[in-house]
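As stored in my_file.pdb (PDB, C-alpha atoms, pLDDT in the B column):
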```pdb
MODEL        1
ATOM      1  CA  MET A   1       8.387   8.635  12.875  1.00 50.00           C
ATOM      2  CA  SER A   2       5.870  11.332  12.132  1.00 55.00           C
ATOM      3  CA  ASP A   3       2.119  10.911  12.424  1.00 75.00           C
ATOM      4  CA  ARG A   4       2.013  12.150   8.803  1.00 92.00           C
ATOM      5  CA  LEU A   5       3.985   9.116   7.626  1.00 96.00           C
ATOM      6  CA  VAL A   6       3.498   5.578   8.884  1.00 96.00           C
ATOM      7  CA  ILE A   7       6.007   2.852   8.037  1.00 96.00           C
ATOM      8  CA  ASP A   8       4.644  -0.635   8.577  1.00 96.00           C
ATOM      9  CA  GLU A   9       7.183  -3.447   8.450  1.00 94.00           C
ATOM     10  CA  VAL A  10       5.399  -6.336   6.722  1.00 94.00           C
ATOM     11  CA  ASP A  11       8.522  -8.492   6.979  1.00 92.00           C
ATOM     12  CA  ALA A  12      12.304  -7.990   7.004  1.00 88.00           C
ATOM     13  CA  THR A  13      12.380  -6.688   3.420  1.00 91.00           C
ATOM     14  CA  CYS A  14       8.827  -5.459   2.735  1.00 95.00           C
ATOM     15  CA  PHE A  15       7.386  -2.208   4.042  1.00 97.00           C
ATOM     16  CA  ALA A  16       4.071  -0.407   3.549  1.00 98.00           C
ATOM     17  CA  LEU A  17       3.925   3.374   3.742  1.00 97.00           C
ATOM     18  CA  TRP A  18       0.896   5.541   4.528  1.00 97.00           C
ATOM     19  CA  GLY A  19       0.686   9.306   4.407  1.00 97.00           C
ATOM     20  CA  GLU A  20       2.978  11.982   3.029  1.00 97.00           C
ATOM     21  CA  ILE A  21       6.666  12.054   2.184  1.00 97.00           C
ATOM     22  CA  ASP A  22       7.931  15.616   2.366  1.00 96.00           C
ATOM     23  CA  ALA A  23      10.654  17.707   3.987  1.00 96.00           C
ATOM     24  CA  HIS A  24       9.131  17.008   7.398  1.00 96.00           C
ATOM     25  CA  THR A  25       8.783  13.204   7.089  1.00 96.00           C
ATOM     26  CA  ALA A  26      11.619  12.292   4.690  1.00 96.00           C
ATOM     27  CA  PRO A  27      14.305  12.232   7.425  1.00 95.00           C
ATOM     28  CA  SER A  28      12.410   9.570   9.379  1.00 94.00           C
ATOM     29  CA  LEU A  29      11.954   7.514   6.203  1.00 95.00           C
ATOM     30  CA  HIS A  30      15.664   7.759   5.465  1.00 94.00           C
ATOM     31  CA  ALA A  31      16.602   6.841   9.044  1.00 94.00           C
ATOM     32  CA  HIS A  32      14.278   3.836   9.030  1.00 93.00           C
ATOM     33  CA  PHE A  33      15.917   2.324   5.961  1.00 91.00           C
ATOM     34  CA  GLU A  34      19.454   3.256   7.027  1.00 88.00           C
ATOM     35  CA  SER A  35      19.062   0.802   9.893  1.00 85.00           C
ATOM     36  CA  LEU A  36      18.295  -2.087   7.527  1.00 85.00           C
ATOM     37  CA  PRO A  37      21.113  -4.623   7.599  1.00 82.00           C
ATOM     38  CA  PRO A  38      22.928  -5.537   4.378  1.00 77.00           C
ATOM     39  CA  GLY A  39      21.522  -8.477   2.459  1.00 79.00           C
ATOM     40  CA  THR A  40      20.727  -9.888  -0.929  1.00 82.00           C
ATOM     41  CA  ASP A  41      16.919  -9.859  -0.852  1.00 89.00           C
ATOM     42  CA  ASP A  42      15.129  -7.083  -2.729  1.00 92.00           C
ATOM     43  CA  VAL A  43      13.602  -4.366  -0.568  1.00 94.00           C
ATOM     44  CA  THR A  44       9.955  -3.670  -1.397  1.00 96.00           C
ATOM     45  CA  ILE A  45       8.150  -0.470  -0.465  1.00 97.00           C
ATOM     46  CA  ASP A  46       4.377  -0.514  -0.952  1.00 98.00           C
ATOM     47  CA  MET A  47       3.408   3.046  -1.854  1.00 98.00           C
ATOM     48  CA  ALA A  48      -0.301   2.586  -2.609  1.00 98.00           C
ATOM     49  CA  ASP A  49      -1.313   4.816   0.308  1.00 98.00           C
ATOM     50  CA  ILE A  50       1.069   7.723  -0.253  1.00 98.00           C
ATOM     51  CA  ALA A  51      -1.092  10.816  -0.686  1.00 97.00           C
ATOM     52  CA  PHE A  52       1.751  13.255  -1.373  1.00 97.00           C
ATOM     53  CA  VAL A  53       5.454  13.139  -2.138  1.00 97.00           C
ATOM     54  CA  ASP A  54       7.710  16.107  -2.843  1.00 96.00           C
ATOM     55  CA  SER A  55      11.262  16.471  -4.116  1.00 95.00           C
ATOM     56  CA  THR A  56      12.699  15.745  -0.670  1.00 96.00           C
ATOM     57  CA  GLY A  57      10.881  12.416  -0.623  1.00 96.00           C
ATOM     58  CA  LEU A  58      12.036  11.685  -4.153  1.00 96.00           C
ATOM     59  CA  HIS A  59      15.623  12.377  -3.088  1.00 96.00           C
ATOM     60  CA  VAL A  60      15.307   9.795  -0.290  1.00 96.00           C
ATOM     61  CA  LEU A  61      13.924   7.216  -2.747  1.00 96.00           C
ATOM     62  CA  ILE A  62      16.826   7.874  -5.118  1.00 95.00           C
ATOM     63  CA  GLU A  63      19.315   7.455  -2.250  1.00 94.00           C
ATOM     64  CA  LEU A  64      17.673   4.193  -1.185  1.00 92.00           C
ATOM     65  CA  ASP A  65      17.721   2.925  -4.764  1.00 91.00           C
ATOM     66  CA  ARG A  66      21.449   3.688  -4.993  1.00 90.00           C
ATOM     67  CA  ARG A  67      22.125   2.096  -1.621  1.00 87.00           C
ATOM     68  CA  PHE A  68      20.303  -1.153  -2.310  1.00 84.00           C
ATOM     69  CA  GLY A  69      21.469  -1.252  -5.923  1.00 77.00           C
ATOM     70  CA  GLY A  70      25.021  -0.913  -4.646  1.00 65.00           C
ATOM     71  CA  ASP A  71      24.611  -4.147  -2.689  1.00 58.00           C
ATOM     72  CA  GLY A  72      24.925  -6.183  -5.890  1.00 66.00           C
ATOM     73  CA  ASP A  73      21.881  -8.321  -6.611  1.00 75.00           C
ATOM     74  CA  ARG A  74      19.598  -6.382  -4.290  1.00 85.00           C
ATOM     75  CA  ARG A  75      17.036  -3.931  -5.713  1.00 90.00           C
ATOM     76  CA  LEU A  76      14.569  -1.392  -4.403  1.00 93.00           C
ATOM     77  CA  LEU A  77      11.071  -2.247  -5.637  1.00 95.00           C
ATOM     78  CA  LEU A  78       8.270   0.319  -5.514  1.00 96.00           C
ATOM     79  CA  ARG A  79       5.046  -1.658  -5.230  1.00 97.00           C
ATOM     80  CA  ARG A  80       1.690  -0.185  -6.273  1.00 97.00           C
ATOM     81  CA  PRO A  81       2.811   3.465  -6.366  1.00 97.00           C
ATOM     82  CA  SER A  82      -0.082   5.858  -5.839  1.00 98.00           C
ATOM     83  CA  ARG A  83      -1.142   8.431  -8.404  1.00 97.00           C
ATOM     84  CA  ALA A  84       0.854  11.063  -6.486  1.00 96.00           C
ATOM     85  CA  VAL A  85       4.024   8.973  -6.691  1.00 97.00           C
ATOM     86  CA  LEU A  86       3.507   8.107 -10.358  1.00 97.00           C
ATOM     87  CA  ARG A  87       2.869  11.766 -11.189  1.00 96.00           C
ATOM     88  CA  LEU A  88       6.116  12.876  -9.538  1.00 96.00           C
ATOM     89  CA  LEU A  89       8.094  10.161 -11.307  1.00 96.00           C
ATOM     90  CA  ASP A  90       6.506  11.162 -14.624  1.00 96.00           C
ATOM     91  CA  VAL A  91       7.107  14.897 -14.170  1.00 96.00           C
ATOM     92  CA  THR A  92      10.743  14.329 -13.193  1.00 96.00           C
ATOM     93  CA  GLY A  93      11.375  11.771 -15.947  1.00 96.00           C
ATOM     94  CA  LEU A  94      12.316   9.099 -13.406  1.00 94.00           C
ATOM     95  CA  GLU A  95       9.559   6.553 -14.102  1.00 91.00           C
ATOM     96  CA  ASP A  96      12.119   4.274 -15.784  1.00 92.00           C
ATOM     97  CA  HIS A  97      14.742   4.785 -13.069  1.00 91.00           C
ATOM     98  CA  PHE A  98      12.866   2.748 -10.451  1.00 93.00           C
ATOM     99  CA  THR A  99      11.666  -0.837 -10.565  1.00 92.00           C
ATOM    100  CA  ILE A 100       7.893  -0.602 -10.210  1.00 94.00           C
ATOM    101  CA  VAL A 101       5.753  -3.640  -9.465  1.00 95.00           C
ATOM    102  CA  HIS A 102       1.968  -3.665  -9.450  1.00 86.00           C
TER
ENDMDL
END
```
Hey, can you dump this file as structure tokens for me?
Amino acid sequence: MSDRLVIDEVDATCFALWGEIDAHTAPSLHAHFESLPPGTDDVTIDMADIAFVDSTGLHVLIELDRRFGGDGDRRLLLRRPSRAVLRLLDVTGLEDHFTIVH
């Protein structure tokens, strides 16, 4: 994990992120969630403290959404996305692709 991105495991299916998701930090984010065991509970990522996210970070989020969505009833939930996250989703037209909870 990079010092530019902190992943705090709140519980087995809820995580809080702090920092930046970019080409440098996205691989550690991807690796962290790859190790999550299969299950049926939704996976929640609190993104309130993400200051920056680029297309590499967006790609990881799309992959995670596909992975958890492929598990059947499981979903990826983006909780409290920051202005930076919301802006990227708006600019890319993906705001309706993700399940966002406030």
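Taking only C-alpha atoms, the non-local environment of His59 of chain A within 12 Å (same-chain residues fewer than 4 positions away omitted) comprises Ile21, Asp22, Ala23, Ala26, Pro27, Leu29, His30, Val53, Asp54, Ser55, Glu63, Leu64, Asp65, Arg66, Leu88, Leu89, Thr92 and Leu94 of chain A.
The nearest approach to Pro37 of chain A among the residues A:Phe52, A:Phe68, A:Phe15, A:Phe98, with all atoms listed in the file taken into account, belongs to A:Phe68.
Among A:Ile50, A:Val43, A:Val60, A:Ala16, the residue with the shortest atom-to-atom distance to Arg74 of chain A, counting only C-alpha atoms, is A:Val43.
Residue nearest Thr13 of chain A within the list A:Ser82, A:Ser28, A:Thr40, A:Thr56: A:Thr40 [criterion: smallest interatomic distance, only C-alpha atoms].
Rounded to one decimal, atom CA of Thr25 of chain A and atom CA of Gly57 of chain A lie 8.0 Å from each other.
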* Using all atoms listed in the file, pick whichever of A:Asp42, A:Leu61, A:Glu95, A:Val101 has the shortest atom-to-atom distance to Arg75 of chain A. => A:Asp42
* Asked: Using all atoms listed in the file, which residue out of A:Leu78, A:Ile7, A:Asp73, A:Asp46 lies closest to Ala31 of chain A?
  -> A:Ile7
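Candidate residues A:Gly93, A:Pro38, A:Pro81, A:Gly19 were compared for distance to Arg67 of chain A, and the nearest is A:Pro38, using all atoms listed in the file.
Atom pair atom CA of Leu86 of chain A / atom CA of Ala12 of chain A: separated by 25.3 Å.
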Report the centre and edge lengths, in Å to one decimal, of an axis-aligned box enclosing every atom of segment 79-97 of chain A listed in the file, padded by 4 Å on each side, as JSON.
```
{"center_x": 6.8, "center_y": 6.6, "center_z": -10.6, "size_x": 23.9, "size_y": 24.6, "size_z": 18.7}
```
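Those residues that approach Arg79 of chain A to within 8 Å, counting all atoms listed in the file, are Thr44, Ile45, Asp46, Met47, Ala48, Ile100, Val101 and His102 of chain A; same-chain residues fewer than 3 positions away are not listed.
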